[in-house]
Each structure stands twice: as C-alpha cells, then as structure tokens.
$ cat input_0.cif   # mmCIF, C-alpha atoms
data_model
#
loop_
_atom_site.label_atom_id
_atom_site.label_comp_id
_atom_site.auth_asym_id
_atom_site.auth_seq_id
_atom_site.Cartn_x
_atom_site.Cartn_y
_atom_site.Cartn_z
CA MET A 96 -33.61 -26.67 -7.57
CA THR A 97 -30.44 -28.22 -6.18
CA ARG A 98 -28.57 -26.73 -3.23
CA ARG A 99 -25.65 -25.85 -5.49
CA LYS A 100 -27.89 -23.87 -7.82
CA LYS A 101 -29.52 -22.11 -4.87
CA VAL A 102 -26.11 -21.10 -3.53
CA GLY A 103 -25.04 -19.91 -6.98
CA LEU A 104 -28.21 -17.86 -7.36
CA ALA A 105 -27.78 -16.36 -3.89
CA VAL A 106 -24.17 -15.42 -4.63
CA ALA A 107 -25.15 -13.88 -7.99
CA LEU A 108 -27.91 -11.88 -6.28
CA LEU A 109 -25.53 -10.67 -3.58
CA ILE A 110 -22.99 -9.62 -6.21
CA LEU A 111 -25.70 -7.71 -8.05
CA ILE A 112 -26.90 -5.99 -4.88
CA GLY A 113 -23.33 -5.33 -3.79
CA GLY A 114 -22.51 -3.79 -7.16
CA ALA A 115 -25.55 -1.54 -6.97
CA VAL A 116 -24.69 -0.45 -3.41
CA PHE A 117 -21.07 0.16 -4.39
CA LEU A 118 -22.07 2.23 -7.43
CA TRP A 119 -24.55 4.28 -5.45
CA ASN A 120 -22.04 4.88 -2.67
CA MET A 121 -19.36 5.90 -5.17
CA LEU A 122 -21.69 8.37 -6.92
CA VAL A 123 -22.77 9.92 -3.64
CA TYR A 124 -19.52 9.92 -1.65
CA GLY A 125 -16.81 9.48 -4.25
CA PHE A 126 -14.15 6.81 -4.59
CA SER A 127 -12.10 7.16 -1.43
CA ALA A 128 -10.55 4.65 0.95
CA ARG A 129 -11.19 7.10 3.79
CA ASP A 130 -14.91 6.33 3.84
CA LYS A 131 -16.28 3.69 6.16
CA PRO A 132 -18.07 0.83 4.38
CA THR A 133 -21.83 0.85 4.88
CA ALA A 134 -23.50 -1.85 6.94
CA ALA A 135 -24.91 -3.34 3.72
CA GLU A 136 -21.45 -3.48 2.13
CA ALA A 137 -19.98 -5.14 5.22
CA GLN A 138 -22.74 -7.75 5.34
CA ILE A 139 -22.46 -8.53 1.64
CA ALA A 140 -18.67 -8.80 1.88
CA ARG A 141 -18.90 -11.20 4.84
CA THR A 142 -21.49 -13.33 3.05
CA LEU A 143 -19.45 -13.49 -0.14
CA ARG A 144 -16.33 -14.38 1.85
CA HIS A 145 -18.23 -17.18 3.56
CA PHE A 146 -19.55 -18.70 0.33
CA SER A 147 -16.28 -18.23 -1.54
CA MET A 148 -14.48 -20.50 0.93
CA PRO A 149 -14.76 -24.25 0.25
CA SER A 150 -16.99 -26.00 2.80
CA LYS A 151 -14.15 -28.46 3.48
CA THR A 152 -11.96 -25.59 4.65
CA ARG A 153 -14.72 -23.97 6.73
CA SER A 154 -15.39 -27.17 8.64
CA GLN A 155 -11.76 -27.85 9.60
CA LYS A 156 -10.73 -27.82 13.26
CA ASP A 157 -7.38 -26.50 14.42
CA PRO A 158 -5.11 -29.58 14.54
CA LEU A 159 -2.52 -27.92 16.80
CA PRO A 160 -2.76 -27.95 20.59
CA ALA A 161 -3.35 -24.58 22.23
CA SER A 162 -0.19 -25.02 24.29
CA ALA A 163 1.90 -22.25 25.84
CA GLU A 164 4.67 -23.04 23.35
CA VAL A 165 2.35 -22.78 20.31
CA LEU A 166 0.87 -19.51 21.59
CA ALA A 167 4.31 -18.04 22.28
CA GLY A 168 5.47 -18.80 18.75
CA ALA A 169 2.26 -17.44 17.25
CA ARG A 170 2.52 -14.30 19.39
CA ALA A 171 6.01 -13.60 18.05
CA HIS A 172 4.85 -14.33 14.48
CA PHE A 173 1.87 -11.99 14.85
CA ALA A 174 4.03 -9.21 16.30
CA ASP A 175 6.47 -9.47 13.39
CA HIS A 176 4.06 -10.03 10.48
CA CYS A 177 0.56 -8.84 11.43
CA ALA A 178 0.75 -6.11 14.07
CA GLN A 179 1.57 -3.32 11.63
CA CYS A 180 -2.03 -3.45 10.38
CA HIS A 181 -3.88 -5.25 13.15
CA GLY A 182 -2.01 -3.92 16.21
CA ASN A 183 -0.45 -6.12 18.86
CA ASP A 184 -3.84 -6.36 20.56
CA GLY A 185 -5.64 -7.30 17.32
CA ARG A 186 -7.99 -4.32 17.42
CA GLY A 187 -6.76 -2.75 14.16
CA ASN A 188 -6.17 0.66 15.72
CA THR A 189 -2.95 1.41 13.82
CA ASP A 190 -1.98 4.04 11.25
CA MET A 191 -2.08 1.38 8.55
CA GLY A 192 -5.22 -0.39 9.75
CA ARG A 193 -7.27 2.80 10.02
CA GLN A 194 -6.46 3.86 6.45
CA MET A 195 -7.57 0.63 4.75
CA TYR A 196 -10.86 0.04 2.99
CA PRO A 197 -12.41 -1.76 4.68
CA ARG A 198 -10.68 -0.97 7.97
CA ALA A 199 -8.64 -3.69 9.63
CA PRO A 200 -11.20 -5.42 11.88
CA ASP A 201 -11.23 -5.58 15.64
CA MET A 202 -10.55 -9.29 15.94
CA THR A 203 -11.54 -9.41 19.59
CA LEU A 204 -15.19 -8.89 18.56
CA PRO A 205 -17.72 -11.64 17.77
CA SER A 206 -17.56 -10.90 14.02
CA THR A 207 -14.15 -12.61 14.04
CA GLN A 208 -14.37 -14.80 17.14
CA LYS A 209 -17.53 -16.51 15.86
CA LEU A 210 -15.80 -17.64 12.67
CA SER A 211 -14.85 -21.29 12.51
CA ASP A 212 -11.22 -22.38 12.86
CA GLY A 213 -11.23 -23.25 9.17
CA GLU A 214 -12.55 -19.83 8.16
CA ILE A 215 -9.85 -18.00 10.10
CA PHE A 216 -7.23 -20.38 8.68
CA GLY A 217 -8.52 -19.77 5.16
CA ILE A 218 -8.42 -16.00 5.57
CA ILE A 219 -4.83 -16.11 6.86
CA SER A 220 -3.63 -18.55 4.20
CA ASN A 221 -5.52 -17.27 1.15
CA GLY A 222 -6.16 -13.61 1.98
CA VAL A 223 -9.33 -11.70 1.10
CA ARG A 224 -9.80 -10.18 -2.32
CA LEU A 225 -10.41 -6.43 -2.68
CA THR A 226 -9.11 -5.77 0.85
CA GLY A 227 -5.69 -5.17 2.37
CA MET A 228 -5.50 -8.76 3.64
CA PRO A 229 -2.75 -10.63 1.74
CA ALA A 230 -2.43 -14.40 1.31
CA TRP A 231 0.25 -15.51 3.77
CA GLY A 232 0.13 -19.22 3.01
CA ASP A 233 2.03 -21.07 0.30
CA GLY A 234 0.50 -24.51 0.84
CA SER A 235 3.56 -26.00 2.51
CA ALA A 236 3.38 -27.92 5.78
CA ASP A 237 5.38 -25.25 7.62
CA SER A 238 3.15 -22.47 6.28
CA ASN A 239 -0.01 -24.35 7.27
CA GLN A 240 1.36 -24.94 10.76
CA ASP A 241 2.12 -21.21 11.16
CA SER A 242 -1.42 -20.33 10.05
CA TRP A 243 -3.02 -22.83 12.43
CA ALA A 244 -0.90 -21.48 15.28
CA LEU A 245 -2.15 -17.97 14.44
CA VAL A 246 -5.72 -19.26 14.66
CA HIS A 247 -5.04 -20.15 18.30
CA PHE A 248 -3.50 -16.72 18.93
CA ILE A 249 -6.49 -14.93 17.37
CA ARG A 250 -8.78 -16.94 19.66
CA HIS A 251 -6.59 -15.75 22.55
CA LEU A 252 -6.78 -12.03 21.64
CA PRO A 253 -9.76 -11.17 23.90
CA LYS A 254 -7.72 -12.48 26.86
CA LEU A 255 -4.40 -10.89 25.88
CA THR A 256 -2.60 -9.40 28.88
CA GLN A 257 -0.70 -6.14 29.07
CA GLU A 258 2.44 -8.13 29.82
CA GLU A 259 2.05 -10.02 26.53
CA ILE A 260 1.47 -6.77 24.63
CA ASN A 261 4.61 -5.26 26.16
CA GLU A 262 6.59 -8.33 25.11
CA MET A 263 5.24 -8.07 21.57
CA GLU A 264 6.30 -4.43 21.30
CA GLY A 265 9.89 -5.61 21.52
CA MET A 266 9.27 -7.96 18.58
CA ASN A 267 7.65 -5.43 16.24
CA PRO A 268 9.72 -4.72 13.11
CA VAL A 269 11.59 -1.43 13.03
CA SER A 270 11.78 0.58 9.82
CA PRO A 271 15.11 1.92 8.48
CA MET A 272 13.93 5.45 9.29
CA GLU A 273 13.21 4.50 12.90
CA ILE A 274 16.63 2.85 13.18
CA ARG A 275 18.29 6.00 11.85
CA GLU A 276 16.33 8.18 14.29
CA GLN A 277 17.27 5.91 17.19
CA ASN A 278 20.93 6.05 16.18
CA GLU A 279 20.81 9.84 15.93
CA VAL A 280 19.22 10.14 19.38
CA GLY A 281 21.78 7.73 20.84
CA HIS A 282 24.63 9.67 19.26
CA PHE A 283 23.23 12.94 20.61
CA LEU A 284 22.90 11.50 24.12
CA ASP A 285 26.40 10.05 24.01
CA GLU A 286 27.81 13.43 23.07
CA GLY A 287 25.83 15.10 25.85
CA ASP A 288 27.14 12.66 28.44
CA ALA A 289 30.77 13.29 27.53
CA SER A 290 32.15 15.71 30.10
CA PRO A 291 34.15 18.48 28.43
CA SER A 292 37.82 18.55 29.34
CA PRO A 293 38.74 21.51 31.60
CA PRO A 294 40.56 24.26 29.69
CA ALA A 295 44.32 24.09 30.04
CA SER A 296 45.64 26.74 32.42
CA LYS A 297 47.96 29.27 30.88
CA PRO A 298 51.59 29.03 32.13
CA LYS A 299 52.64 31.84 34.42
CA PRO A 300 55.32 34.09 32.99
CA ALA A 301 58.78 33.51 34.46
CA VAL A 302 59.93 36.15 36.98
CA LYS A 303 63.31 37.59 36.18
CA HIS A 304 65.42 38.35 39.23
CA GLY A 305 67.90 41.21 39.11
CA HIS A 306 71.59 40.54 39.73
#

$ encode --input "input_0.cif" --output "structure tokens"
Amino acid sequence: MTRRKKVGLAVALLILIGGAVFLWNMLVYGFSARDKPTAAEAQIARTLRHFSMPSKTRSQKDPLPASAEVLAGARAHFADHCAQCHGNDGRGNTDMGRQMYPRAPDMTLPSTQKLSDGEIFGIISNGVRLTGMPAWGDGSADSNQDSWALVHFIRHLPKLTQEEINEMEGMNPVSPMEIREQNEVGHFLDEGDASPSPPASKPKPAVKHGH
C-alpha cells in the first residue's frame, strides 16, 4: 500500500471515529458551544488539521527576519485584528475566546509553539474549518508578509512583557458603544469640573432721605 493510500485510510478512519465521538457527545451533552471538547475530539481535530495542510506548506520556514521592526509591526497587527479572541497575551482568555467551540487556544503552550512555521502560517492564512478561526490571507504578497510576521510574534508570545501588553492595549479596537460610553463619561466629568457662577447679589433698595 502506498503512503498516499495509508494517509487517506488514516484520515478516513479518524473522520469515522471523530463522527462517532461527536454523535455520542451530542446525544449525551446536547449541541452547545459552551461545552469543552473532549480530549479525543481535540486530538482528532489536531490530526485532521495536520493532514489537511499540504506538506509543502508545513515544511516552510519563516522567510522574514525576527527583527525588532518586524515584531513591532506584528504586535500592532495582532492587537488590532487578533486580540479580541486571543487576548493581547495570546492565552485566549477573552469574552469571545471563552465562548467559542473549541475555545481559542493558549498559544503560549507547546500545542501551538511546537507547530512548524508553515503550520502556523497556514492556520493564519487559510483558517480552520468548523472553528472560529477565519482565513486572514488572500494570497497576495502583502498578506503573506503580514502572516509570516505574525508567525514571529506568536513565537514571541511566551516571552511577552507587561510593557508590550500595555502598549497593545492602546492599539485594541474600540467598539461604537465603548466610544459612546467614553464620550458620555468625558461629558459628565467636564460638567462636574465647571465651577458654578456665584449667584448675583440682589441690589440694595435706595434709601430715601427726607427734605
């Protein structure tokens, strides 16, 4: 049996097992995104993700230098595009990340850090089916460069400093509701700071002198 047939058989078997696990889990626990995926589901999903990615992509090395300039640009990009789900620190502990199925991963852990450069690039560019991870790449040179820069930043996450996190907080997108709330608070404070004008003193009545 050729290697290609063996891989195809392994993938088909994993899909079959995954389907059985998914069905059993749904019958027992219901169909809710609040549940945590079982260890079997997580392993099957990781294996399928690995085999679904072309070997040429998996074996690629990051062509960009891990320079301070590249990391700074990637840090700003991550804060603006990725932090809503993954958090500025990459640990996924956000309102959005906690509600996904599967949860947004803690990318500081070996399950992400042990992936090859090409695997991380492929996940960023092409997304992951049946998860909340969208495909950010469009195949252009600029898009590929942004994705490769993010690979360097993800490698840097375990060493991220508090100073970098504080800087990223200033780059996080602000929703229209948050802007409105900030404006209302600012308006309230401005009104509170305005010192009220002292009340005008009433004029004293004129004294009439007798002749």

$ residues_around --input "input_0.cif" --residues "stretch 268-275 of chain A" --least-positions-apart "6" --cutoff "10 Å" --atoms "all atoms listed in the file" --output "NGL selection string"
:A and (174-176 or 178-179 or 281)

$ closest_residue --input "input_0.cif" --among "A:Asn278, A:Thr226, A:Asn221, A:Thr203" --to "A:Arg250" --atoms "all atoms listed in the file"
A:Thr203

$ closest_residue --input "input_0.cif" --among "A:Asn183, A:Asn188, A:Thr142, A:Asn267" --to "A:Ile249" --atoms "only C-alpha atoms"
A:Asn183

$ closest_residue --input "input_0.cif" --among "A:Thr189, A:Ala140, A:Glu214, A:Asp285" --to "A:Ile110" --atoms "only C-alpha atoms"
A:Ala140

$ residues_around --input "input_0.cif" --residues "A:Ser162" --least-positions-apart "4" --cutoff "10 Å" --atoms "only C-alpha atoms" --output "PDB file with C-alpha atoms, in the coordinates of the input"
ATOM      1  CA  LEU A 166       0.870 -19.510  21.590  1.00  0.00           C
ATOM      2  CA  ALA A 167       4.310 -18.040  22.280  1.00  0.00           C
ATOM      3  CA  ALA A 244      -0.900 -21.480  15.280  1.00  0.00           C
ATOM      4  CA  HIS A 247      -5.040 -20.150  18.300  1.00  0.00           C
TER       5      HIS A 247
END

$ resolve_selection --input "input_0.cif" --expression "the PyMOL selection byres ((chain A and resi 190-195) around 7)" --output "PyMOL selection string"
chain A and resi 128-129+179-181+187-189+196-199+227

$ atom_distance --input "input_0.cif" --atom1 "atom CA of A:Leu252" --atom2 "atom CA of A:Leu225"
25.2 Å

$ residues_around --input "input_0.cif" --residues "A:Asp212" --least-positions-apart "6" --cutoff "10 Å" --atoms "all atoms listed in the file" --output "JSON, numbers by chain"
{"A": [152, 153, 154, 155, 156, 157, 158, 243, 246, 247, 249, 250]}

$ atom_distance --input "input_0.cif" --atom1 "atom CA of A:Glu136" --atom2 "atom CA of A:Leu109"
10.0 Å

$ atom_distance --input "input_0.cif" --atom1 "atom CA of A:Cys177" --atom2 "atom CA of A:Lys254"
17.9 Å

$ closest_residue --input "input_0.cif" --among "A:Ala169, A:Asp184, A:Ile112, A:Glu164" --to "A:Glu258" --atoms "all atoms listed in the file"
A:Asp184

$ closest_residue --input "input_0.cif" --among "A:Leu255, A:Ala171, A:Leu245, A:Val102" --to "A:Arg186" --atoms "all atoms listed in the file"
A:Leu255

$ closest_residue --input "input_0.cif" --among "A:Pro132, A:Asp241, A:Ser127, A:Leu118" --to "A:Pro200" --atoms "all atoms listed in the file"
A:Pro132

$ resolve_selection --input "input_0.cif" --expression "the PyMOL selection byres ((chain A and resi 232) around 10)" --output "PyMOL selection string"
chain A and resi 216-222+229-231+233-242

$ decode --input "input_0.cif" --residues "stretch 274-288 of chain A" --atoms "all heavy atoms" --output "PDB file, in the first residue's frame"
ATOM      1  N   ILE A 274     -17.023  53.831  22.562  1.00  0.00           N
ATOM      2  CA  ILE A 274     -16.754  55.234  22.240  1.00  0.00           C
ATOM      3  C   ILE A 274     -17.842  56.131  22.817  1.00  0.00           C
ATOM      4  O   ILE A 274     -17.561  57.185  23.399  1.00  0.00           O
ATOM      5  CB  ILE A 274     -16.654  55.426  20.713  1.00  0.00           C
ATOM      6  CG1 ILE A 274     -15.417  54.696  20.159  1.00  0.00           C
ATOM      7  CG2 ILE A 274     -16.590  56.904  20.354  1.00  0.00           C
ATOM      8  CD1 ILE A 274     -15.317  54.713  18.651  1.00  0.00           C
ATOM      9  N   ARG A 275     -19.099  55.702  22.672  1.00  0.00           N
ATOM     10  CA  ARG A 275     -20.206  56.488  23.201  1.00  0.00           C
ATOM     11  C   ARG A 275     -20.122  56.591  24.724  1.00  0.00           C
ATOM     12  O   ARG A 275     -20.337  57.670  25.295  1.00  0.00           O
ATOM     13  CB  ARG A 275     -21.539  55.859  22.784  1.00  0.00           C
ATOM     14  CG  ARG A 275     -22.753  56.696  23.191  1.00  0.00           C
ATOM     15  CD  ARG A 275     -24.020  56.227  22.527  1.00  0.00           C
ATOM     16  NE  ARG A 275     -24.368  54.871  22.925  1.00  0.00           N
ATOM     17  CZ  ARG A 275     -24.306  53.820  22.128  1.00  0.00           C
ATOM     18  NH1 ARG A 275     -23.872  53.965  20.877  1.00  0.00           N
ATOM     19  NH2 ARG A 275     -24.653  52.619  22.541  1.00  0.00           N
ATOM     20  N   GLU A 276     -19.788  55.471  25.387  1.00  0.00           N
ATOM     21  CA  GLU A 276     -19.670  55.488  26.840  1.00  0.00           C
ATOM     22  C   GLU A 276     -18.537  56.412  27.286  1.00  0.00           C
ATOM     23  O   GLU A 276     -18.676  57.152  28.266  1.00  0.00           O
ATOM     24  CB  GLU A 276     -19.430  54.069  27.356  1.00  0.00           C
ATOM     25  CG  GLU A 276     -20.653  53.163  27.241  1.00  0.00           C
ATOM     26  CD  GLU A 276     -20.348  51.743  27.679  1.00  0.00           C
ATOM     27  OE1 GLU A 276     -19.150  51.419  27.884  1.00  0.00           O
ATOM     28  OE2 GLU A 276     -21.299  50.947  27.802  1.00  0.00           O
ATOM     29  N   GLN A 277     -17.407  56.346  26.555  1.00  0.00           N
ATOM     30  CA  GLN A 277     -16.281  57.223  26.896  1.00  0.00           C
ATOM     31  C   GLN A 277     -16.658  58.685  26.729  1.00  0.00           C
ATOM     32  O   GLN A 277     -16.296  59.535  27.553  1.00  0.00           O
ATOM     33  CB  GLN A 277     -15.079  56.879  26.027  1.00  0.00           C
ATOM     34  CG  GLN A 277     -14.438  55.533  26.349  1.00  0.00           C
ATOM     35  CD  GLN A 277     -13.337  55.171  25.374  1.00  0.00           C
ATOM     36  OE1 GLN A 277     -13.005  55.944  24.463  1.00  0.00           O
ATOM     37  NE2 GLN A 277     -12.755  53.996  25.546  1.00  0.00           N
ATOM     38  N   ASN A 278     -17.387  58.988  25.652  1.00  0.00           N
ATOM     39  CA  ASN A 278     -17.816  60.371  25.424  1.00  0.00           C
ATOM     40  C   ASN A 278     -18.766  60.846  26.518  1.00  0.00           C
ATOM     41  O   ASN A 278     -18.697  61.996  26.974  1.00  0.00           O
ATOM     42  CB  ASN A 278     -18.490  60.490  24.058  1.00  0.00           C
ATOM     43  CG  ASN A 278     -17.498  60.351  22.910  1.00  0.00           C
ATOM     44  OD1 ASN A 278     -16.299  60.554  23.094  1.00  0.00           O
ATOM     45  ND2 ASN A 278     -17.991  60.010  21.733  1.00  0.00           N
ATOM     46  N   GLU A 279     -19.670  59.943  26.954  1.00  0.00           N
ATOM     47  CA  GLU A 279     -20.623  60.311  27.998  1.00  0.00           C
ATOM     48  C   GLU A 279     -19.898  60.570  29.317  1.00  0.00           C
ATOM     49  O   GLU A 279     -20.217  61.520  30.039  1.00  0.00           O
ATOM     50  CB  GLU A 279     -21.659  59.202  28.165  1.00  0.00           C
ATOM     51  CG  GLU A 279     -22.638  59.107  26.996  1.00  0.00           C
ATOM     52  CD  GLU A 279     -23.576  57.918  27.130  1.00  0.00           C
ATOM     53  OE1 GLU A 279     -23.364  57.102  28.061  1.00  0.00           O
ATOM     54  OE2 GLU A 279     -24.498  57.787  26.303  1.00  0.00           O
ATOM     55  N   VAL A 280     -18.919  59.708  29.632  1.00  0.00           N
ATOM     56  CA  VAL A 280     -18.151  59.909  30.868  1.00  0.00           C
ATOM     57  C   VAL A 280     -17.369  61.217  30.799  1.00  0.00           C
ATOM     58  O   VAL A 280     -17.328  61.993  31.755  1.00  0.00           O
ATOM     59  CB  VAL A 280     -17.196  58.713  31.100  1.00  0.00           C
ATOM     60  CG1 VAL A 280     -16.225  59.032  32.243  1.00  0.00           C
ATOM     61  CG2 VAL A 280     -17.980  57.455  31.421  1.00  0.00           C
ATOM     62  N   GLY A 281     -16.724  61.470  29.631  1.00  0.00           N
ATOM     63  CA  GLY A 281     -15.982  62.716  29.476  1.00  0.00           C
ATOM     64  C   GLY A 281     -16.866  63.941  29.607  1.00  0.00           C
ATOM     65  O   GLY A 281     -16.482  64.931  30.245  1.00  0.00           O
ATOM     66  N   HIS A 282     -18.065  63.868  29.025  1.00  0.00           N
ATOM     67  CA  HIS A 282     -19.004  64.989  29.117  1.00  0.00           C
ATOM     68  C   HIS A 282     -19.436  65.218  30.558  1.00  0.00           C
ATOM     69  O   HIS A 282     -19.515  66.361  31.032  1.00  0.00           O
ATOM     70  CB  HIS A 282     -20.218  64.687  28.242  1.00  0.00           C
ATOM     71  CG  HIS A 282     -21.233  65.790  28.222  1.00  0.00           C
ATOM     72  ND1 HIS A 282     -20.980  67.034  27.674  1.00  0.00           N
ATOM     73  CD2 HIS A 282     -22.515  65.841  28.699  1.00  0.00           C
ATOM     74  CE1 HIS A 282     -22.053  67.802  27.806  1.00  0.00           C
ATOM     75  NE2 HIS A 282     -22.993  67.088  28.423  1.00  0.00           N
ATOM     76  N   PHE A 283     -19.683  64.099  31.282  1.00  0.00           N
ATOM     77  CA  PHE A 283     -20.093  64.202  32.679  1.00  0.00           C
ATOM     78  C   PHE A 283     -18.991  64.837  33.523  1.00  0.00           C
ATOM     79  O   PHE A 283     -19.241  65.709  34.366  1.00  0.00           O
ATOM     80  CB  PHE A 283     -20.439  62.814  33.225  1.00  0.00           C
ATOM     81  CG  PHE A 283     -20.745  62.786  34.694  1.00  0.00           C
ATOM     82  CD1 PHE A 283     -21.980  63.192  35.169  1.00  0.00           C
ATOM     83  CD2 PHE A 283     -19.788  62.359  35.606  1.00  0.00           C
ATOM     84  CE1 PHE A 283     -22.265  63.172  36.522  1.00  0.00           C
ATOM     85  CE2 PHE A 283     -20.058  62.341  36.958  1.00  0.00           C
ATOM     86  CZ  PHE A 283     -21.299  62.745  37.418  1.00  0.00           C
ATOM     87  N   LEU A 284     -17.737  64.403  33.278  1.00  0.00           N
ATOM     88  CA  LEU A 284     -16.623  64.955  34.041  1.00  0.00           C
ATOM     89  C   LEU A 284     -16.397  66.422  33.730  1.00  0.00           C
ATOM     90  O   LEU A 284     -16.078  67.225  34.614  1.00  0.00           O
ATOM     91  CB  LEU A 284     -15.347  64.152  33.757  1.00  0.00           C
ATOM     92  CG  LEU A 284     -15.345  62.705  34.265  1.00  0.00           C
ATOM     93  CD1 LEU A 284     -14.077  61.997  33.821  1.00  0.00           C
ATOM     94  CD2 LEU A 284     -15.473  62.670  35.783  1.00  0.00           C
ATOM     95  N   ASP A 285     -16.555  66.781  32.446  1.00  0.00           N
ATOM     96  CA  ASP A 285     -16.389  68.183  32.070  1.00  0.00           C
ATOM     97  C   ASP A 285     -17.411  69.056  32.763  1.00  0.00           C
ATOM     98  O   ASP A 285     -17.105  70.160  33.235  1.00  0.00           O
ATOM     99  CB  ASP A 285     -16.526  68.338  30.549  1.00  0.00           C
ATOM    100  CG  ASP A 285     -15.326  67.758  29.809  1.00  0.00           C
ATOM    101  OD1 ASP A 285     -14.285  67.548  30.454  1.00  0.00           O
ATOM    102  OD2 ASP A 285     -15.446  67.510  28.587  1.00  0.00           O
ATOM    103  N   GLU A 286     -18.643  68.558  32.851  1.00  0.00           N
ATOM    104  CA  GLU A 286     -19.686  69.341  33.512  1.00  0.00           C
ATOM    105  C   GLU A 286     -19.405  69.466  35.005  1.00  0.00           C
ATOM    106  O   GLU A 286     -19.655  70.495  35.619  1.00  0.00           O
ATOM    107  CB  GLU A 286     -21.054  68.694  33.291  1.00  0.00           C
ATOM    108  CG  GLU A 286     -21.612  68.892  31.891  1.00  0.00           C
ATOM    109  CD  GLU A 286     -23.040  68.398  31.793  1.00  0.00           C
ATOM    110  OE1 GLU A 286     -23.440  67.572  32.639  1.00  0.00           O
ATOM    111  OE2 GLU A 286     -23.749  68.833  30.872  1.00  0.00           O
ATOM    112  N   GLY A 287     -18.860  68.374  35.586  1.00  0.00           N
ATOM    113  CA  GLY A 287     -18.560  68.402  37.020  1.00  0.00           C
ATOM    114  C   GLY A 287     -17.434  69.345  37.356  1.00  0.00           C
ATOM    115  O   GLY A 287     -17.393  69.925  38.442  1.00  0.00           O
ATOM    116  N   ASP A 288     -16.482  69.513  36.405  1.00  0.00           N
ATOM    117  CA  ASP A 288     -15.340  70.387  36.657  1.00  0.00           C
ATOM    118  C   ASP A 288     -15.700  71.865  36.539  1.00  0.00           C
ATOM    119  O   ASP A 288     -15.003  72.721  37.060  1.00  0.00           O
ATOM    120  CB  ASP A 288     -14.202  70.075  35.668  1.00  0.00           C
ATOM    121  CG  ASP A 288     -13.535  68.750  36.001  1.00  0.00           C
ATOM    122  OD1 ASP A 288     -13.693  68.293  37.146  1.00  0.00           O
ATOM    123  OD2 ASP A 288     -12.879  68.176  35.103  1.00  0.00           O
TER     124      ASP A 288
END
